[in-house]
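J.: My structure file run18.pdb, PDB, C-alpha atoms, is below:
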ATOM      1  CA  MET O   1      38.317  72.480 -50.193
ATOM      2  CA  GLY O   2      36.534  75.664 -49.192
ATOM      3  CA  SER O   3      37.700  75.119 -45.625
ATOM      4  CA  ASN O   4      41.346  75.049 -46.764
ATOM      5  CA  LYS O   5      40.967  78.489 -48.316
ATOM      6  CA  GLU O   6      39.399  79.785 -45.140
ATOM      7  CA  ASN O   7      42.254  78.368 -43.069
ATOM      8  CA  SER O   8      44.874  79.891 -45.343
ATOM      9  CA  THR O   9      43.294  83.350 -45.129
ATOM     10  CA  THR O  10      42.957  83.010 -41.367
ATOM     11  CA  VAL O  11      46.625  82.102 -41.044
ATOM     12  CA  SER O  12      47.746  85.049 -43.154
ATOM     13  CA  SER O  13      45.619  87.486 -41.163
ATOM     14  CA  ASN O  14      46.998  86.031 -37.929
ATOM     15  CA  ASP O  15      50.521  86.478 -39.258
ATOM     16  CA  LYS O  16      49.844  90.190 -39.664
ATOM     17  CA  GLU O  17      48.294  90.482 -36.205
ATOM     18  CA  VAL O  18      51.127  88.754 -34.335
ATOM     19  CA  PRO O  19      53.784  91.459 -34.930
ATOM     20  CA  GLN O  20      51.234  94.128 -34.060
ATOM     21  CA  ARG O  21      50.381  92.335 -30.809
ATOM     22  CA  ASP O  22      54.080  91.974 -30.001
ATOM     23  CA  ALA O  23      54.621  95.682 -30.583
ATOM     24  CA  ASN O  24      51.632  96.569 -28.405
ATOM     25  CA  HIS O  25      52.852  94.206 -25.694
ATOM     26  CA  ARG O  26      56.327  95.792 -25.750
ATOM     27  CA  GLU O  27      54.783  99.248 -25.553
ATOM     28  CA  VAL O  28      52.619  98.293 -22.584
ATOM     29  CA  LYS O  29      55.603  96.669 -20.870
ATOM     30  CA  LYS O  30      57.663  99.829 -21.390
ATOM     31  CA  VAL O  31      54.906 102.046 -19.974
ATOM     32  CA  VAL O  32      54.544  99.783 -16.917
ATOM     33  CA  LYS O  33      58.290  99.977 -16.261
ATOM     34  CA  ILE O  34      58.198 103.778 -16.519
ATOM     35  CA  VAL O  35      55.238 104.011 -14.138
ATOM     36  CA  ILE O  36      56.986 101.765 -11.609
ATOM     37  CA  ALA O  37      60.181 103.827 -11.857
ATOM     38  CA  CYS O  38      58.204 107.050 -11.336
ATOM     39  CA  PHE O  39      56.448 105.576  -8.312
ATOM     40  CA  VAL O  40      59.698 104.356  -6.731
ATOM     41  CA  SER O  41      61.436 107.692  -7.296
ATOM     42  CA  PHE O  42      58.433 109.492  -5.803
ATOM     43  CA  ILE O  43      58.566 107.253  -2.719
ATOM     44  CA  VAL O  44      62.320 107.893  -2.304
ATOM     45  CA  SER O  45      61.808 111.667  -2.589
ATOM     46  CA  LEU O  46      58.911 111.484  -0.162
ATOM     47  CA  ALA O  47      61.088 109.589   2.326
ATOM     48  CA  GLY O  48      63.740 112.318   2.044
ATOM     49  CA  GLY O  49      61.193 115.080   2.550
ATOM     50  CA  LEU O  50      59.658 113.321   5.540
ATOM     51  CA  THR O  51      63.112 112.790   7.055
ATOM     52  CA  LEU O  52      63.830 116.503   6.761
ATOM     53  CA  ALA O  53      60.426 117.416   8.187
ATOM     54  CA  TRP O  54      60.878 115.022  11.102
ATOM     55  CA  TRP O  55      64.301 116.499  11.852
ATOM     56  CA  GLN O  56      62.897 120.034  11.606
ATOM     57  CA  PHE O  57      60.113 119.446  14.116
ATOM     58  CA  GLU O  58      61.806 116.986  16.449
ATOM     59  CA  TYR O  59      65.541 117.751  16.605
ATOM     60  CA  HIS O  60      66.196 121.191  15.082
ATOM     61  CA  PRO O  61      65.658 123.259  18.267
ATOM     62  CA  GLU O  62      68.432 121.309  20.052
ATOM     63  CA  ASN O  63      70.617 120.814  16.908
ATOM     64  CA  GLU O  64      70.699 117.062  17.496
ATOM     65  CA  GLN O  65      70.707 114.195  15.011
ATOM     66  CA  LEU O  66      72.355 116.355  12.351
ATOM     67  CA  TRP O  67      73.072 113.292  10.194
ATOM     68  CA  MET O  68      69.408 113.380   9.175
ATOM     69  CA  VAL O  69      69.835 116.601   7.193
ATOM     70  CA  PRO O  70      72.292 115.409   4.508
ATOM     71  CA  PHE O  71      70.587 112.006   4.439
ATOM     72  CA  GLY O  72      67.208 113.635   3.817
ATOM     73  CA  LEU O  73      68.627 116.015   1.218
ATOM     74  CA  ILE O  74      70.261 113.152  -0.679
ATOM     75  CA  LEU O  75      67.039 111.151  -0.680
ATOM     76  CA  LEU O  76      65.038 114.202  -1.714
ATOM     77  CA  ALA O  77      67.290 115.396  -4.551
ATOM     78  CA  THR O  78      68.686 112.201  -6.102
ATOM     79  CA  PRO O  79      65.510 111.100  -7.965
ATOM     80  CA  VAL O  80      65.075 114.615  -9.351
ATOM     81  CA  ILE O  81      68.646 114.671 -10.660
ATOM     82  CA  VAL O  82      68.262 111.203 -12.186
ATOM     83  CA  TRP O  83      64.999 112.087 -13.959
ATOM     84  CA  VAL O  84      66.391 115.363 -15.317
ATOM     85  CA  SER O  85      69.426 113.559 -16.721
ATOM     86  CA  LEU O  86      67.223 110.858 -18.271
ATOM     87  CA  VAL O  87      64.945 113.420 -19.906
ATOM     88  CA  PHE O  88      67.851 115.383 -21.390
ATOM     89  CA  SER O  89      69.595 112.247 -22.629
ATOM     90  CA  ASP O  90      66.356 111.089 -24.250
ATOM     91  CA  ILE O  91      65.948 114.459 -25.950
ATOM     92  CA  CYS O  92      69.495 114.274 -27.317
ATOM     93  CA  THR O  93      69.167 110.692 -28.574
ATOM     94  CA  LEU O  94      68.633 110.170 -32.287
ATOM     95  CA  LYS O  95      65.197 108.645 -32.793
ATOM     96  CA  THR O  96      64.990 107.326 -36.340
ATOM     97  CA  ASN O  97      67.287 105.559 -38.751
ATOM     98  CA  LYS O  98      67.232 108.629 -41.007
ATOM     99  CA  ASP O  99      68.562 110.792 -38.164
ATOM    100  CA  ILE O 100      71.333 108.276 -37.525
ATOM    101  CA  GLU O 101      72.217 108.167 -41.210
ATOM    102  CA  ARG O 102      72.353 111.961 -41.383
ATOM    103  CA  ALA O 103      74.553 112.158 -38.313
ATOM    104  CA  THR O 104      77.005 109.557 -39.583
ATOM    105  CA  ALA O 105      76.960 110.530 -43.271
ATOM    106  CA  GLN O 106      80.291 111.152 -44.922
ATOM    107  CA  PRO O 107      80.805 114.550 -46.555
ATOM    108  CA  LEU O 108      80.528 114.559 -50.308
ATOM    109  CA  PRO O 109      83.911 114.324 -52.028
ATOM    110  CA  LEU O 110      85.053 117.255 -54.118
ATOM    111  CA  PRO O 111      85.410 116.750 -57.873
ATOM    112  CA  ASP O 112      88.951 115.888 -58.969
ATOM    113  CA  ASP O 113      89.462 119.079 -60.992
ATOM    114  CA  SER O 114      88.544 121.469 -58.175
ATOM    115  CA  THR O 115      90.451 122.165 -55.004
ATOM    116  CA  PRO O 116      89.184 124.209 -52.107
ATOM    117  CA  ASP O 117      90.382 127.766 -52.589
ATOM    118  CA  PRO O 118      90.050 130.071 -49.551
ATOM    119  CA  GLU O 119      90.321 133.198 -51.748
ATOM    120  CA  ARG O 120      87.126 132.490 -53.655
TER     121      ARG O 120
END
Please, can you express the file's structure as C-alpha cells?

T.:
Amino acid sequence: MGSNKENSTTVSSNDKEVPQRDANHREVKKVVKIVIACFVSFIVSLAGGLTLAWWQFEYHPENEQLWMVPFGLILLATPVIVWVSLVFSDICTLKTNKDIERATAQPLPLPDDSTPDPER
C-alpha cells in the first residue's frame, strides 16, 4: 500500500512538471527559430554587400554590369527593413490579457439622470 501512495505523489509531481517542460520546449523552439532567422538575414545582407563590393572593384571603372548595383542594394537593405518592421510591430503589440481588456473595454455608461453638458 505504501507503494501506491508513492506512485500517486510521483504522478501528481509529474503532472506539474509536464506543462513546465512544454513551456520550456516552446521557448527554446522560439529562440532557435529567431536565431535561424537572424543568421539567414545576415547571410542575405552579406551577399548584398559582397555583390556591391565586387562590382565596385571589378566593374565600376568601366561602368559595366550595372545590374549588380540595384541587386546588391536590394539584398543589403531588405533584411534591415524587415527586422525594423518586426521590432516596431512587436513593440506595438499588446502583450497581456489585461492590456487587451483595457484596449477593448467599453466606456462606462452615464447615469440616467445626467446628460453630458458642454457648458459645465

J.: To one decimal place, how far is atom CA of Ile81 of chain O from atom CA of Ile34 of chain O in Å?

T.: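 Computing it gives 16.2 Å between the two atoms.
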
J.: For the provided coordinates, the residues matched by the PyMOL selection byres ((chain O and resi 73) around 12) should be stated as a list in words.

T.: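 Here the PyMOL selection byres ((chain O and resi 73) around 12) matches Val44, Ser45, Leu46, Ala47, Gly48, Gly49, Leu50, Thr51, Leu52, Ala53, Trp55, Leu66, Trp67, Met68, Val69, Pro70, Phe71, Gly72, Ile74, Leu75, Leu76, Ala77, Thr78, Pro79, Val80 and Ile81 of chain O.
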
J.: Provide the atom CA of Asp22 of chain O to atom CA of Thr96 of chain O distance in Å, to one decimal place.

T.: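 Straight-line distance from atom CA of Asp22 of chain O to atom CA of Thr96 of chain O works out to 19.9 Å.
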
J.: Could you write out as JSON the box around segment 65-80 of chain O (axis-aligned, all atoms listed in the file, 4 Å on each side), with centre and edge lengths in Å to one decimal?

T.:
{"center_x": 69.1, "center_y": 113.9, "center_z": 2.8, "size_x": 16.0, "size_y": 13.5, "size_z": 32.4}

J.: Distance atom CA of Cys92 of chain O-atom CA of Thr104 of chain O, one decimal place?

T.: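 Straight-line distance from atom CA of Cys92 of chain O to atom CA of Thr104 of chain O works out to 15.1 Å.
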
J.: Go through O:Gln65, O:Trp54, O:Trp83, O:Pro19 and flag the residue nearest Val40 of chain O, using all atoms listed in the file for the distances.

T.: O:Trp83

J.: Could you rebuild segment 56-91 of chain O with N, CA and C atoms and give it back as a compact mmCIF listing (two decimals), keeping the file's coordinate frame?

T.:
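Listing of selection_20.txt after writing:
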# COMPACT_ATOMS: atom_id res chain seq x y z
N GLN O 56 63.26 118.63 11.35
CA GLN O 56 62.90 120.03 11.61
C GLN O 56 62.04 120.16 12.86
N PHE O 57 61.04 119.31 12.99
CA PHE O 57 60.11 119.45 14.12
C PHE O 57 60.63 118.80 15.39
N GLU O 58 61.40 117.74 15.27
CA GLU O 58 61.81 116.99 16.45
C GLU O 58 63.17 117.41 17.00
N TYR O 59 64.17 117.60 16.14
CA TYR O 59 65.54 117.75 16.60
C TYR O 59 66.16 119.11 16.31
N HIS O 60 65.57 119.92 15.46
CA HIS O 60 66.20 121.19 15.08
C HIS O 60 66.39 122.15 16.26
N PRO O 61 65.44 122.30 17.17
CA PRO O 61 65.66 123.26 18.27
C PRO O 61 66.91 122.94 19.09
N GLU O 62 67.26 121.67 19.26
CA GLU O 62 68.43 121.31 20.05
C GLU O 62 69.66 121.05 19.19
N ASN O 63 69.54 121.14 17.85
CA ASN O 63 70.62 120.81 16.91
C ASN O 63 71.18 119.42 17.16
N GLU O 64 70.31 118.46 17.32
CA GLU O 64 70.70 117.06 17.50
C GLU O 64 70.37 116.29 16.22
N GLN O 65 70.95 115.11 16.15
CA GLN O 65 70.71 114.20 15.01
C GLN O 65 70.94 114.90 13.67
N LEU O 66 72.06 115.59 13.56
CA LEU O 66 72.36 116.36 12.35
C LEU O 66 72.61 115.47 11.12
N TRP O 67 72.87 114.19 11.33
CA TRP O 67 73.07 113.29 10.19
C TRP O 67 71.81 113.18 9.34
N MET O 68 70.66 113.51 9.91
CA MET O 68 69.41 113.38 9.18
C MET O 68 69.28 114.42 8.06
N VAL O 69 69.96 115.54 8.19
CA VAL O 69 69.83 116.60 7.19
C VAL O 69 70.46 116.20 5.86
N PRO O 70 71.75 115.81 5.81
CA PRO O 70 72.29 115.41 4.51
C PRO O 70 71.63 114.15 3.96
N PHE O 71 71.28 113.23 4.87
CA PHE O 71 70.59 112.01 4.44
C PHE O 71 69.26 112.35 3.77
N GLY O 72 68.49 113.23 4.39
CA GLY O 72 67.21 113.64 3.82
C GLY O 72 67.37 114.40 2.51
N LEU O 73 68.39 115.26 2.45
CA LEU O 73 68.63 116.02 1.22
C LEU O 73 69.03 115.10 0.07
N ILE O 74 69.86 114.10 0.37
CA ILE O 74 70.26 113.15 -0.68
C ILE O 74 69.06 112.37 -1.18
N LEU O 75 68.23 111.89 -0.26
CA LEU O 75 67.04 111.15 -0.68
C LEU O 75 66.07 112.03 -1.44
N LEU O 76 65.98 113.29 -1.06
CA LEU O 76 65.04 114.20 -1.71
C LEU O 76 65.50 114.60 -3.12
N ALA O 77 66.81 114.83 -3.29
CA ALA O 77 67.29 115.40 -4.55
C ALA O 77 67.73 114.36 -5.58
N THR O 78 68.14 113.18 -5.16
CA THR O 78 68.69 112.20 -6.10
C THR O 78 67.69 111.80 -7.18
N PRO O 79 66.44 111.45 -6.87
CA PRO O 79 65.51 111.10 -7.96
C PRO O 79 65.27 112.24 -8.95
N VAL O 80 65.27 113.46 -8.46
CA VAL O 80 65.08 114.62 -9.35
C VAL O 80 66.25 114.73 -10.32
N ILE O 81 67.46 114.58 -9.81
CA ILE O 81 68.65 114.67 -10.66
C ILE O 81 68.65 113.55 -11.69
N VAL O 82 68.29 112.35 -11.26
CA VAL O 82 68.26 111.20 -12.19
C VAL O 82 67.23 111.43 -13.29
N TRP O 83 66.04 111.89 -12.94
CA TRP O 83 65.00 112.09 -13.96
C TRP O 83 65.36 113.21 -14.92
N VAL O 84 65.98 114.27 -14.42
CA VAL O 84 66.39 115.36 -15.32
C VAL O 84 67.44 114.86 -16.30
N SER O 85 68.40 114.08 -15.81
CA SER O 85 69.43 113.56 -16.72
C SER O 85 68.83 112.59 -17.73
N LEU O 86 67.86 111.78 -17.33
CA LEU O 86 67.22 110.86 -18.27
C LEU O 86 66.43 111.60 -19.34
N VAL O 87 65.74 112.65 -18.94
CA VAL O 87 64.94 113.42 -19.91
C VAL O 87 65.86 114.09 -20.92
N PHE O 88 66.95 114.72 -20.46
CA PHE O 88 67.85 115.38 -21.39
C PHE O 88 68.57 114.39 -22.30
N SER O 89 68.94 113.23 -21.77
CA SER O 89 69.60 112.25 -22.63
C SER O 89 68.62 111.69 -23.66
N ASP O 90 67.35 111.56 -23.29
CA ASP O 90 66.36 111.09 -24.25
C ASP O 90 66.11 112.13 -25.34
N ILE O 91 66.13 113.40 -24.97
CA ILE O 91 65.95 114.46 -25.95
C ILE O 91 67.10 114.47 -26.95
